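Engineer: Handing over entry-v3.cif, mmCIF, C-alpha atoms and all ligand atoms; chains and numbers go by the auth columns.
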data_data
#
loop_
_atom_site.group_PDB
_atom_site.id
_atom_site.type_symbol
_atom_site.label_atom_id
_atom_site.label_comp_id
_atom_site.label_asym_id
_atom_site.label_seq_id
_atom_site.Cartn_x
_atom_site.Cartn_y
_atom_site.Cartn_z
_atom_site.B_iso_or_equiv
_atom_site.auth_seq_id
_atom_site.auth_asym_id
ATOM 1 C CA THR A 1 -14.744 -1.757 -36.488 0.00 245 J
ATOM 2 C CA ASP A 2 -16.411 -2.130 -33.157 0.00 246 J
ATOM 3 C CA GLY A 3 -14.723 -4.591 -30.888 0.00 247 J
ATOM 4 C CA GLN A 4 -11.895 -7.018 -31.066 0.00 248 J
ATOM 5 C CA TYR A 5 -12.112 -10.610 -32.168 0.00 249 J
ATOM 6 C CA ILE A 6 -10.052 -13.761 -31.585 0.00 250 J
ATOM 7 C CA HIS A 7 -10.030 -16.309 -34.423 0.00 251 J
ATOM 8 C CA PRO A 8 -8.130 -19.535 -33.639 0.00 252 J
ATOM 9 C CA SER A 9 -6.701 -21.231 -36.743 0.00 253 J
ATOM 10 C CA ILE A 10 -7.443 -24.950 -36.964 0.00 254 J
ATOM 11 C CA LEU A 11 -4.384 -25.454 -39.164 0.00 255 J
ATOM 12 C CA ASN A 12 -2.587 -26.427 -35.960 0.00 256 J
ATOM 13 C CA ALA A 13 -5.367 -28.705 -34.681 0.00 257 J
ATOM 14 C CA ASP A 14 -5.425 -32.508 -34.614 0.00 258 J
ATOM 15 C CA PHE A 15 -7.162 -33.290 -37.919 0.00 259 J
ATOM 16 C CA MET A 16 -8.209 -36.748 -36.721 0.00 260 J
ATOM 17 C CA ARG A 17 -10.325 -35.115 -34.025 0.00 261 J
ATOM 18 C CA ILE A 18 -11.655 -32.016 -35.749 0.00 262 J
ATOM 19 C CA GLY A 19 -15.016 -32.026 -33.945 0.00 263 J
ATOM 20 C CA GLU A 20 -13.455 -31.989 -30.482 0.00 264 J
ATOM 21 C CA GLU A 21 -10.864 -29.470 -31.629 0.00 265 J
ATOM 22 C CA LEU A 22 -13.714 -27.138 -32.652 0.00 266 J
ATOM 23 C CA ASP A 23 -15.317 -27.554 -29.223 0.00 267 J
ATOM 24 C CA ARG A 24 -12.021 -26.590 -27.532 0.00 268 J
ATOM 25 C CA ILE A 25 -12.233 -23.091 -29.004 0.00 269 J
ATOM 26 C CA SER A 26 -15.963 -22.426 -28.591 0.00 270 J
ATOM 27 C CA SER A 27 -15.245 -19.309 -26.473 0.00 271 J
ATOM 28 C CA ALA A 28 -13.567 -17.638 -29.478 0.00 272 J
ATOM 29 C CA ASP A 29 -15.391 -15.394 -31.952 0.00 273 J
ATOM 30 C CA SER A 30 -14.848 -17.430 -35.143 0.00 274 J
ATOM 31 C CA VAL A 31 -12.791 -20.384 -36.290 0.00 275 J
ATOM 32 C CA HIS A 32 -10.199 -19.481 -38.943 0.00 276 J
ATOM 33 C CA VAL A 33 -9.976 -22.163 -41.653 0.00 277 J
ATOM 34 C CA ASP A 34 -6.865 -22.032 -43.854 0.00 278 J
ATOM 35 C CA VAL A 35 -7.597 -23.274 -47.366 0.00 279 J
ATOM 36 C CA MET A 36 -4.414 -24.080 -49.316 0.00 280 J
ATOM 37 C CA ASP A 37 -4.045 -25.507 -52.813 0.00 281 J
ATOM 38 C CA ASN A 38 -0.349 -26.487 -53.166 0.00 282 J
ATOM 39 C CA HIS A 39 -0.080 -23.812 -55.826 0.00 283 J
ATOM 40 C CA PHE A 40 -0.557 -20.358 -54.302 0.00 284 J
ATOM 41 C CA VAL A 41 1.279 -21.748 -51.253 0.00 285 J
ATOM 42 C CA PRO A 42 3.372 -24.929 -50.921 0.00 286 J
ATOM 43 C CA ASN A 43 0.889 -26.745 -48.689 0.00 287 J
ATOM 44 C CA LEU A 44 -2.485 -28.464 -49.123 0.00 288 J
ATOM 45 C CA THR A 45 -5.393 -28.457 -46.681 0.00 289 J
ATOM 46 C CA PHE A 46 -9.180 -28.284 -46.963 0.00 290 J
ATOM 47 C CA GLY A 47 -11.628 -27.947 -49.826 0.00 291 J
ATOM 48 C CA ALA A 48 -15.162 -26.548 -49.901 0.00 292 J
ATOM 49 C CA ALA A 49 -16.749 -29.886 -48.912 0.00 293 J
ATOM 50 C CA MET A 50 -14.669 -29.986 -45.727 0.00 294 J
ATOM 51 C CA VAL A 51 -15.476 -26.336 -44.991 0.00 295 J
ATOM 52 C CA GLU A 52 -19.171 -27.140 -45.329 0.00 296 J
ATOM 53 C CA GLN A 53 -18.836 -29.901 -42.718 0.00 297 J
ATOM 54 C CA ILE A 54 -16.879 -27.618 -40.393 0.00 298 J
ATOM 55 C CA VAL A 55 -19.662 -25.009 -40.716 0.00 299 J
ATOM 56 C CA GLU A 56 -22.230 -27.640 -39.712 0.00 300 J
ATOM 57 C CA ARG A 57 -20.188 -28.911 -36.778 0.00 301 J
ATOM 58 C CA SER A 58 -18.681 -25.678 -35.417 0.00 302 J
ATOM 59 C CA PRO A 59 -20.349 -23.916 -32.478 0.00 303 J
ATOM 60 C CA ILE A 60 -18.956 -20.575 -33.763 0.00 304 J
ATOM 61 C CA PRO A 61 -18.876 -18.912 -37.230 0.00 305 J
ATOM 62 C CA VAL A 62 -16.318 -19.922 -39.860 0.00 306 J
ATOM 63 C CA ASP A 63 -13.753 -17.430 -41.211 0.00 307 J
ATOM 64 C CA ALA A 64 -12.329 -18.944 -44.430 0.00 308 J
ATOM 65 C CA HIS A 65 -8.838 -17.770 -45.477 0.00 309 J
ATOM 66 C CA LEU A 66 -8.278 -18.833 -49.067 0.00 310 J
ATOM 67 C CA MET A 67 -4.653 -19.265 -50.068 0.00 311 J
ATOM 68 C CA ILE A 68 -5.581 -20.492 -53.508 0.00 312 J
ATOM 69 C CA ALA A 69 -4.819 -19.479 -57.063 0.00 313 J
ATOM 70 C CA ASP A 70 -7.650 -18.292 -59.313 0.00 314 J
ATOM 71 C CA ALA A 71 -9.720 -16.914 -56.467 0.00 315 J
ATOM 72 C CA ASP A 72 -12.182 -15.436 -58.989 0.00 316 J
ATOM 73 C CA ARG A 73 -13.222 -18.926 -59.956 0.00 317 J
ATOM 74 C CA HIS A 74 -13.093 -20.780 -56.623 0.00 318 J
ATOM 75 C CA ALA A 75 -13.928 -18.319 -53.815 0.00 319 J
ATOM 76 C CA PRO A 76 -17.724 -18.413 -54.392 0.00 320 J
ATOM 77 C CA GLU A 77 -17.782 -22.143 -53.495 0.00 321 J
ATOM 78 C CA PHE A 78 -16.671 -21.240 -49.973 0.00 322 J
ATOM 79 C CA ALA A 79 -19.458 -18.688 -49.548 0.00 323 J
ATOM 80 C CA GLU A 80 -21.883 -21.384 -50.721 0.00 324 J
ATOM 81 C CA ALA A 81 -20.350 -23.761 -48.148 0.00 325 J
ATOM 82 C CA GLY A 82 -21.651 -21.408 -45.451 0.00 326 J
ATOM 83 C CA ALA A 83 -18.514 -19.537 -44.342 0.00 327 J
ATOM 84 C CA SER A 84 -19.475 -16.326 -42.507 0.00 328 J
ATOM 85 C CA SER A 85 -16.515 -14.545 -44.025 0.00 329 J
ATOM 86 C CA VAL A 86 -14.440 -15.386 -47.088 0.00 330 J
ATOM 87 C CA THR A 87 -10.997 -13.818 -47.500 0.00 331 J
ATOM 88 C CA PHE A 88 -9.087 -14.157 -50.766 0.00 332 J
ATOM 89 C CA HIS A 89 -5.598 -12.949 -51.642 0.00 333 J
ATOM 90 C CA LEU A 90 -5.282 -9.824 -53.749 0.00 334 J
ATOM 91 C CA GLU A 91 -2.332 -11.506 -55.520 0.00 335 J
ATOM 92 C CA ALA A 92 -4.607 -14.382 -56.620 0.00 336 J
ATOM 93 C CA ALA A 93 -7.559 -12.394 -57.976 0.00 337 J
ATOM 94 C CA ALA A 94 -7.823 -10.970 -61.487 0.00 338 J
ATOM 95 C CA ALA A 95 -10.861 -8.791 -60.668 0.00 339 J
ATOM 96 C CA PRO A 96 -10.965 -8.353 -56.882 0.00 340 J
ATOM 97 C CA ILE A 97 -13.809 -5.851 -56.818 0.00 341 J
ATOM 98 C CA ARG A 98 -16.046 -7.914 -59.070 0.00 342 J
ATOM 99 C CA LEU A 99 -15.293 -10.930 -56.879 0.00 343 J
ATOM 100 C CA ALA A 100 -15.982 -9.011 -53.638 0.00 344 J
ATOM 101 C CA ARG A 101 -19.374 -7.936 -54.982 0.00 345 J
ATOM 102 C CA GLU A 102 -20.209 -11.464 -56.060 0.00 346 J
ATOM 103 C CA LEU A 103 -19.316 -12.803 -52.597 0.00 347 J
ATOM 104 C CA ARG A 104 -21.374 -10.120 -50.854 0.00 348 J
ATOM 105 C CA ARG A 105 -24.373 -11.127 -52.971 0.00 349 J
ATOM 106 C CA LYS A 106 -23.909 -14.616 -51.481 0.00 350 J
ATOM 107 C CA ASN A 107 -24.362 -13.117 -47.998 0.00 351 J
ATOM 108 C CA THR A 108 -20.857 -13.509 -46.679 0.00 352 J
ATOM 109 C CA ALA A 109 -18.519 -10.872 -45.277 0.00 353 J
ATOM 110 C CA VAL A 110 -15.565 -10.370 -47.637 0.00 354 J
ATOM 111 C CA GLY A 111 -11.907 -10.003 -46.788 0.00 355 J
ATOM 112 C CA VAL A 112 -8.896 -9.188 -48.947 0.00 356 J
ATOM 113 C CA ALA A 113 -5.492 -10.536 -47.901 0.00 357 J
ATOM 114 C CA LEU A 114 -1.973 -9.272 -48.614 0.00 358 J
ATOM 115 C CA ARG A 115 1.251 -11.259 -48.518 0.00 359 J
ATOM 116 C CA PRO A 116 3.980 -9.511 -46.506 0.00 360 J
ATOM 117 C CA ALA A 117 5.707 -8.059 -49.593 0.00 361 J
ATOM 118 C CA THR A 118 2.491 -6.714 -51.162 0.00 362 J
ATOM 119 C CA PRO A 119 2.040 -2.987 -50.461 0.00 363 J
ATOM 120 C CA VAL A 120 -1.214 -1.845 -48.903 0.00 364 J
ATOM 121 C CA GLU A 121 -1.392 1.624 -50.491 0.00 365 J
ATOM 122 C CA PRO A 122 -2.794 0.635 -53.941 0.00 366 J
ATOM 123 C CA LEU A 123 -5.732 -1.034 -52.188 0.00 367 J
ATOM 124 C CA MET A 124 -6.721 1.998 -50.162 0.00 368 J
ATOM 125 C CA ASP A 125 -8.791 3.642 -52.919 0.00 369 J
ATOM 126 C CA VAL A 126 -11.085 0.595 -53.085 0.00 370 J
ATOM 127 C CA ILE A 127 -10.992 -0.680 -49.494 0.00 371 J
ATOM 128 C CA GLY A 128 -14.667 0.214 -48.991 0.00 372 J
ATOM 129 C CA GLU A 129 -15.530 -2.758 -51.214 0.00 373 J
ATOM 130 C CA PHE A 130 -14.374 -5.077 -48.408 0.00 374 J
ATOM 131 C CA ASP A 131 -15.403 -5.800 -44.830 0.00 375 J
ATOM 132 C CA MET A 132 -11.935 -6.855 -43.759 0.00 376 J
ATOM 133 C CA LEU A 133 -8.288 -6.381 -44.703 0.00 377 J
ATOM 134 C CA LEU A 134 -5.978 -9.278 -43.775 0.00 378 J
ATOM 135 C CA ILE A 135 -2.382 -8.194 -43.334 0.00 379 J
ATOM 136 C CA MET A 136 -0.272 -11.374 -43.251 0.00 380 J
ATOM 137 C CA THR A 137 2.410 -11.223 -40.579 0.00 381 J
ATOM 138 C CA VAL A 138 4.212 -14.310 -41.919 0.00 382 J
ATOM 139 C CA GLU A 139 4.663 -15.641 -45.452 0.00 383 J
ATOM 140 C CA PRO A 140 1.475 -17.727 -45.881 0.00 384 J
ATOM 141 C CA GLY A 141 1.650 -21.528 -46.017 0.00 385 J
ATOM 142 C CA PHE A 142 2.444 -22.872 -42.557 0.00 386 J
ATOM 143 C CA GLY A 143 1.648 -22.407 -38.890 0.00 387 J
ATOM 144 C CA GLY A 144 4.274 -21.831 -36.219 0.00 388 J
ATOM 145 C CA GLN A 145 6.400 -19.245 -38.046 0.00 389 J
ATOM 146 C CA SER A 146 7.753 -16.152 -36.330 0.00 390 J
ATOM 147 C CA PHE A 147 5.945 -12.823 -36.457 0.00 391 J
ATOM 148 C CA LEU A 148 7.253 -10.228 -38.951 0.00 392 J
ATOM 149 C CA GLU A 149 7.731 -7.046 -36.923 0.00 393 J
ATOM 150 C CA THR A 150 8.119 -5.099 -40.156 0.00 394 J
ATOM 151 C CA MET A 151 4.367 -5.472 -40.770 0.00 395 J
ATOM 152 C CA LEU A 152 3.494 -3.137 -37.869 0.00 396 J
ATOM 153 C CA PRO A 153 3.978 0.114 -39.844 0.00 397 J
ATOM 154 C CA LYS A 154 1.894 -1.392 -42.666 0.00 398 J
ATOM 155 C CA ILE A 155 -0.955 -2.076 -40.223 0.00 399 J
ATOM 156 C CA ARG A 156 -0.654 1.463 -38.857 0.00 400 J
ATOM 157 C CA ARG A 157 -0.778 3.047 -42.328 0.00 401 J
ATOM 158 C CA ALA A 158 -3.790 0.951 -43.301 0.00 402 J
ATOM 159 C CA ARG A 159 -5.645 1.839 -40.104 0.00 403 J
ATOM 160 C CA SER A 160 -5.089 5.575 -40.533 0.00 404 J
ATOM 161 C CA ALA A 161 -6.157 5.508 -44.200 0.00 405 J
ATOM 162 C CA ILE A 162 -9.330 3.575 -43.286 0.00 406 J
ATOM 163 C CA SER A 163 -10.156 5.979 -40.434 0.00 407 J
ATOM 164 C CA GLU A 164 -9.547 9.016 -42.643 0.00 408 J
ATOM 165 C CA SER A 165 -12.077 7.626 -45.141 0.00 409 J
ATOM 166 C CA ASN A 166 -14.608 7.123 -42.300 0.00 410 J
ATOM 167 C CA LEU A 167 -14.962 3.440 -43.197 0.00 411 J
ATOM 168 C CA GLN A 168 -15.716 0.488 -40.909 0.00 412 J
ATOM 169 C CA VAL A 169 -13.210 -2.050 -42.205 0.00 413 J
ATOM 170 C CA SER A 170 -11.692 -4.621 -39.852 0.00 414 J
ATOM 171 C CA ILE A 171 -7.962 -5.280 -39.956 0.00 415 J
ATOM 172 C CA GLN A 172 -7.023 -8.920 -39.359 0.00 416 J
ATOM 173 C CA VAL A 173 -3.502 -10.092 -38.535 0.00 417 J
ATOM 174 C CA ASP A 174 -2.448 -13.685 -39.159 0.00 418 J
ATOM 175 C CA GLY A 175 0.878 -15.382 -38.455 0.00 419 J
ATOM 176 C CA GLY A 176 2.955 -15.519 -35.287 0.00 420 J
ATOM 177 C CA VAL A 177 0.258 -13.845 -33.191 0.00 421 J
ATOM 178 C CA SER A 178 0.785 -14.719 -29.509 0.00 422 J
ATOM 179 C CA ARG A 179 0.904 -13.170 -26.041 0.00 423 J
ATOM 180 C CA GLU A 180 4.242 -11.661 -27.107 0.00 424 J
ATOM 181 C CA THR A 181 2.975 -9.903 -30.233 0.00 425 J
ATOM 182 C CA ILE A 182 -0.782 -9.288 -29.934 0.00 426 J
ATOM 183 C CA GLU A 183 -0.564 -6.007 -27.990 0.00 427 J
ATOM 184 C CA ARG A 184 1.638 -4.409 -30.649 0.00 428 J
ATOM 185 C CA CYS A 185 -0.795 -5.535 -33.370 0.00 429 J
ATOM 186 C CA ALA A 186 -3.725 -4.016 -31.488 0.00 430 J
ATOM 187 C CA GLU A 187 -1.821 -0.810 -30.796 0.00 431 J
ATOM 188 C CA ALA A 188 -1.021 -0.517 -34.539 0.00 432 J
ATOM 189 C CA GLY A 189 -4.729 -0.801 -35.397 0.00 433 J
ATOM 190 C CA ALA A 190 -5.572 -4.473 -35.922 0.00 434 J
ATOM 191 C CA ASN A 191 -8.846 -5.677 -34.390 0.00 435 J
ATOM 192 C CA VAL A 192 -9.167 -9.303 -35.587 0.00 436 J
ATOM 193 C CA PHE A 193 -6.465 -11.659 -34.356 0.00 437 J
ATOM 194 C CA VAL A 194 -5.765 -15.097 -35.818 0.00 438 J
ATOM 195 C CA ALA A 195 -3.706 -17.402 -33.611 0.00 439 J
ATOM 196 C CA GLY A 196 -2.958 -20.993 -34.521 0.00 440 J
ATOM 197 C CA SER A 197 -0.098 -22.556 -32.582 0.00 441 J
ATOM 198 C CA ALA A 198 -0.491 -20.140 -29.637 0.00 442 J
ATOM 199 C CA ILE A 199 -3.985 -21.505 -28.965 0.00 443 J
ATOM 200 C CA TYR A 200 -3.789 -25.128 -30.129 0.00 444 J
ATOM 201 C CA ARG A 201 -0.473 -25.815 -28.432 0.00 445 J
ATOM 202 C CA ALA A 202 -1.768 -24.353 -25.164 0.00 446 J
ATOM 203 C CA HIS A 203 -2.789 -26.764 -22.444 0.00 447 J
ATOM 204 C CA ASP A 204 -6.016 -24.856 -21.866 0.00 448 J
ATOM 205 C CA ALA A 205 -7.206 -23.303 -25.135 0.00 449 J
ATOM 206 C CA ALA A 206 -10.029 -21.352 -23.443 0.00 450 J
ATOM 207 C CA ALA A 207 -7.580 -19.765 -20.984 0.00 451 J
ATOM 208 C CA GLU A 208 -5.264 -18.840 -23.855 0.00 452 J
ATOM 209 C CA ILE A 209 -8.158 -17.240 -25.766 0.00 453 J
ATOM 210 C CA ALA A 210 -9.081 -15.237 -22.647 0.00 454 J
ATOM 211 C CA ALA A 211 -5.462 -14.123 -22.138 0.00 455 J
ATOM 212 C CA LEU A 212 -5.137 -13.001 -25.766 0.00 456 J
ATOM 213 C CA ARG A 213 -8.473 -11.172 -25.553 0.00 457 J
ATOM 214 C CA GLU A 214 -7.338 -9.270 -22.486 0.00 458 J
ATOM 215 C CA LEU A 215 -3.980 -8.274 -24.002 0.00 459 J
ATOM 216 C CA ALA A 216 -5.649 -7.137 -27.246 0.00 460 J
ATOM 217 C CA ALA A 217 -8.114 -4.952 -25.345 0.00 461 J
ATOM 218 C CA GLN A 218 -5.473 -2.890 -23.530 0.00 462 J
HETATM 219 C C1 LIG B . -0.512 -19.343 -42.351 0.00 501 J
HETATM 220 C C2 LIG B . -1.970 -19.358 -41.969 0.00 501 J
HETATM 221 C C3 LIG B . -2.214 -19.049 -40.537 0.00 501 J
HETATM 222 C C4 LIG B . -1.571 -20.009 -39.559 0.00 501 J
HETATM 223 C C5 LIG B . -1.226 -19.246 -38.341 0.00 501 J
HETATM 224 O O1 LIG B . -0.416 -19.385 -43.734 0.00 501 J
HETATM 225 O O2 LIG B . -2.679 -18.397 -42.739 0.00 501 J
HETATM 226 O O3 LIG B . -3.612 -18.894 -40.275 0.00 501 J
HETATM 227 O O4 LIG B . -2.398 -21.087 -39.190 0.00 501 J
HETATM 228 O O5 LIG B . -0.532 -20.062 -37.455 0.00 501 J
HETATM 229 P P1 LIG B . 0.382 -19.434 -36.320 0.00 501 J
HETATM 230 O O6 LIG B . -0.538 -18.640 -35.413 0.00 501 J
HETATM 231 O O7 LIG B . 0.972 -20.618 -35.656 0.00 501 J
HETATM 232 O O8 LIG B . 1.395 -18.548 -36.966 0.00 501 J
HETATM 233 ZN ZN ZN B . -4.762 -17.929 -42.143 0.00 502 J
#
Take the structure in the file and give it back as structure tokens.

Structural biologist:
Amino acid sequence: TDGQYIHPSILNADFMRIGEELDRISSADSVHVDVMDNHFVPNLTFGAAMVEQIVERSPIPVDAHLMIADADRHAPEFAEAGASSVTFHLEAAAAPIRLARELRRKNTAVGVALRPATPVEPLMDVIGEFDMLLIMTVEPGFGGQSFLETMLPKIRRARSAISESNLQVSIQVDGGVSRETIERCAEAGANVFVAGSAIYRAHDAAAEIAALRELAAQ
């Protein structure tokens, strides 16, 4: 993991003006697109056709976060849609390693996500199969929830296990990330920061991205 990355989540954007909302965050590293199926989480958002259009329109790469059941079957569609990284939930995959290898063959970076109550330790033996580990810091499904402080030790344990194995795996945090919480996430070992409401509710999204970047780098 070299460097730190800010990924605004468009879940909190104005969906009637998606193109302009993508332009507002063009100084970020990637746009985080939350895919929800009303089954794995109680909310419904974008499908692969919409992701493909976002890829075409976005000035920056697309980071797809799939909160969908039966990831084994559906995740490849999002790699084919042109997402630069595809993250699926461990809880939603029957054969996560087979799926990770299939996604890598489709030339996308691959992430594996954990709900807050899913322990990270069982994943550590196979973490080299992934480019990124997403540690959810809220229960997935909605933007604007408050950050779960209890995830900080989990991030710390994951980072030390990854370093001990001499692997280059990014740790992404998602949920309640703001000026108030980003420094603690970085200090615990996260290096990819998703922020939805913090950036889209800001008056000046570019200034908010810059402020988060600076706090994460300290
Ligand atoms: C929640 C989504 C997040 C969400 C974050 O299920 O995965 O990406 O948009 O929004 P905030 O930053 O407002 O918690
Ligand atoms: Zn997300």

Engineer: Enumerate, in order of chain and increasing residue number, the residues of region 267-381 of chain J with an atom no farther than 6 Å from region 404-427 of chain J, each with its shortest atom pair and distance in Å to one decimal, counting only C-alpha atoms, as JSON lines.

Structural biologist:
{"residue": "J:Asp375", "atom": "CA", "partner": "J:Val413", "partner_atom": "CA", "distance": 5.1}
{"residue": "J:Met376", "atom": "CA", "partner": "J:Ser414", "partner_atom": "CA", "distance": 4.5}
{"residue": "J:Leu377", "atom": "CA", "partner": "J:Ile415", "partner_atom": "CA", "distance": 4.9}
{"residue": "J:Leu378", "atom": "CA", "partner": "J:Gln416", "partner_atom": "CA", "distance": 4.6}
{"residue": "J:Ile379", "atom": "CA", "partner": "J:Val417", "partner_atom": "CA", "distance": 5.3}
{"residue": "J:Met380", "atom": "CA", "partner": "J:Asp418", "partner_atom": "CA", "distance": 5.2}
{"residue": "J:Thr381", "atom": "CA", "partner": "J:Gly419", "partner_atom": "CA", "distance": 4.9}

Engineer: How many Å lie between CA of Arg400 (chain J) and CA of Glu383 (chain J), rounded to one decimal?

Structural biologist: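 Taking CA of Arg400 (chain J) and CA of Glu383 (chain J), their separation equals 19.1 Å.
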
Engineer: Figure out the distance between CA of Gly385 (chain J) and CA of Thr289 (chain J), please, to one decimal in Å.

Structural biologist: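 One can read the CA of Thr289 (chain J) to CA of Gly385 (chain J) distance as 9.9 Å.
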
Engineer: Ranking J:Ala442, J:Ile304, J:Ala344, J:Met294 by minimum distance to Ile269 (chain J) and counting all atoms listed in the file, which one comes first?

Structural biologist: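 Comparing J:Ala442, J:Ile304, J:Ala344, J:Met294 against Ile269 (chain J), the winner is J:Ile304.
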
Engineer: What does the PyMOL selection byres (((chain J and resi 436) around 6) and not hetatm) select in this file, as a PyMOL selection string?

Structural biologist: chain J and resi 248-249+416+435+437

Engineer: How many Å separate CA of Ala323 (chain J) from CA of Ala339 (chain J)?

Structural biologist: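 Taking CA of Ala323 (chain J) as the start and CA of Ala339 (chain J) as the end point, the length is 17.2 Å.
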
Engineer: With the file shown as input, list the residues that the PyMOL selection byres (((not hetatm)) within 7 of (chain J and resi 501)) selects, as a PDB file with C-alpha atoms, in the coordinates of the input.

Structural biologist:
ATOM      1  CA  SER J 253      -6.701 -21.231 -36.743  1.00  0.00           C
ATOM      2  CA  ILE J 254      -7.443 -24.950 -36.964  1.00  0.00           C
ATOM      3  CA  LEU J 255      -4.384 -25.454 -39.164  1.00  0.00           C
ATOM      4  CA  ASN J 256      -2.587 -26.427 -35.960  1.00  0.00           C
ATOM      5  CA  HIS J 276     -10.199 -19.481 -38.943  1.00  0.00           C
ATOM      6  CA  ASP J 278      -6.865 -22.032 -43.854  1.00  0.00           C
ATOM      7  CA  HIS J 309      -8.838 -17.770 -45.477  1.00  0.00           C
ATOM      8  CA  VAL J 382       4.212 -14.310 -41.919  1.00  0.00           C
ATOM      9  CA  GLU J 383       4.663 -15.641 -45.452  1.00  0.00           C
ATOM     10  CA  PRO J 384       1.475 -17.727 -45.881  1.00  0.00           C
ATOM     11  CA  GLY J 385       1.650 -21.528 -46.017  1.00  0.00           C
ATOM     12  CA  PHE J 386       2.444 -22.872 -42.557  1.00  0.00           C
ATOM     13  CA  GLY J 387       1.648 -22.407 -38.890  1.00  0.00           C
ATOM     14  CA  GLY J 388       4.274 -21.831 -36.219  1.00  0.00           C
ATOM     15  CA  GLN J 389       6.400 -19.245 -38.046  1.00  0.00           C
ATOM     16  CA  SER J 390       7.753 -16.152 -36.330  1.00  0.00           C
ATOM     17  CA  ASP J 418      -2.448 -13.685 -39.159  1.00  0.00           C
ATOM     18  CA  GLY J 419       0.878 -15.382 -38.455  1.00  0.00           C
ATOM     19  CA  GLY J 420       2.955 -15.519 -35.287  1.00  0.00           C
ATOM     20  CA  VAL J 421       0.258 -13.845 -33.191  1.00  0.00           C
ATOM     21  CA  VAL J 438      -5.765 -15.097 -35.818  1.00  0.00           C
ATOM     22  CA  ALA J 439      -3.706 -17.402 -33.611  1.00  0.00           C
ATOM     23  CA  GLY J 440      -2.958 -20.993 -34.521  1.00  0.00           C
ATOM     24  CA  SER J 441      -0.098 -22.556 -32.582  1.00  0.00           C
ATOM     25  CA  ALA J 442      -0.491 -20.140 -29.637  1.00  0.00           C
TER      26      ALA J 442
END

Engineer: Name the residues that the PyMOL selection byres (((chain J and resi 336) around 7) and not hetatm) picks from the file above, as a tab-separated table (two decimals) with C-alpha atoms, in the frame of the given file, using the file's chain letters and numbers.

Structural biologist:
chain	number	residue	atom	x	y	z
J	312	ILE	CA	-5.58	-20.49	-53.51
J	313	ALA	CA	-4.82	-19.48	-57.06
J	314	ASP	CA	-7.65	-18.29	-59.31
J	315	ALA	CA	-9.72	-16.91	-56.47
J	333	HIS	CA	-5.60	-12.95	-51.64
J	334	LEU	CA	-5.28	-9.82	-53.75
J	335	GLU	CA	-2.33	-11.51	-55.52
J	337	ALA	CA	-7.56	-12.39	-57.98
J	338	ALA	CA	-7.82	-10.97	-61.49
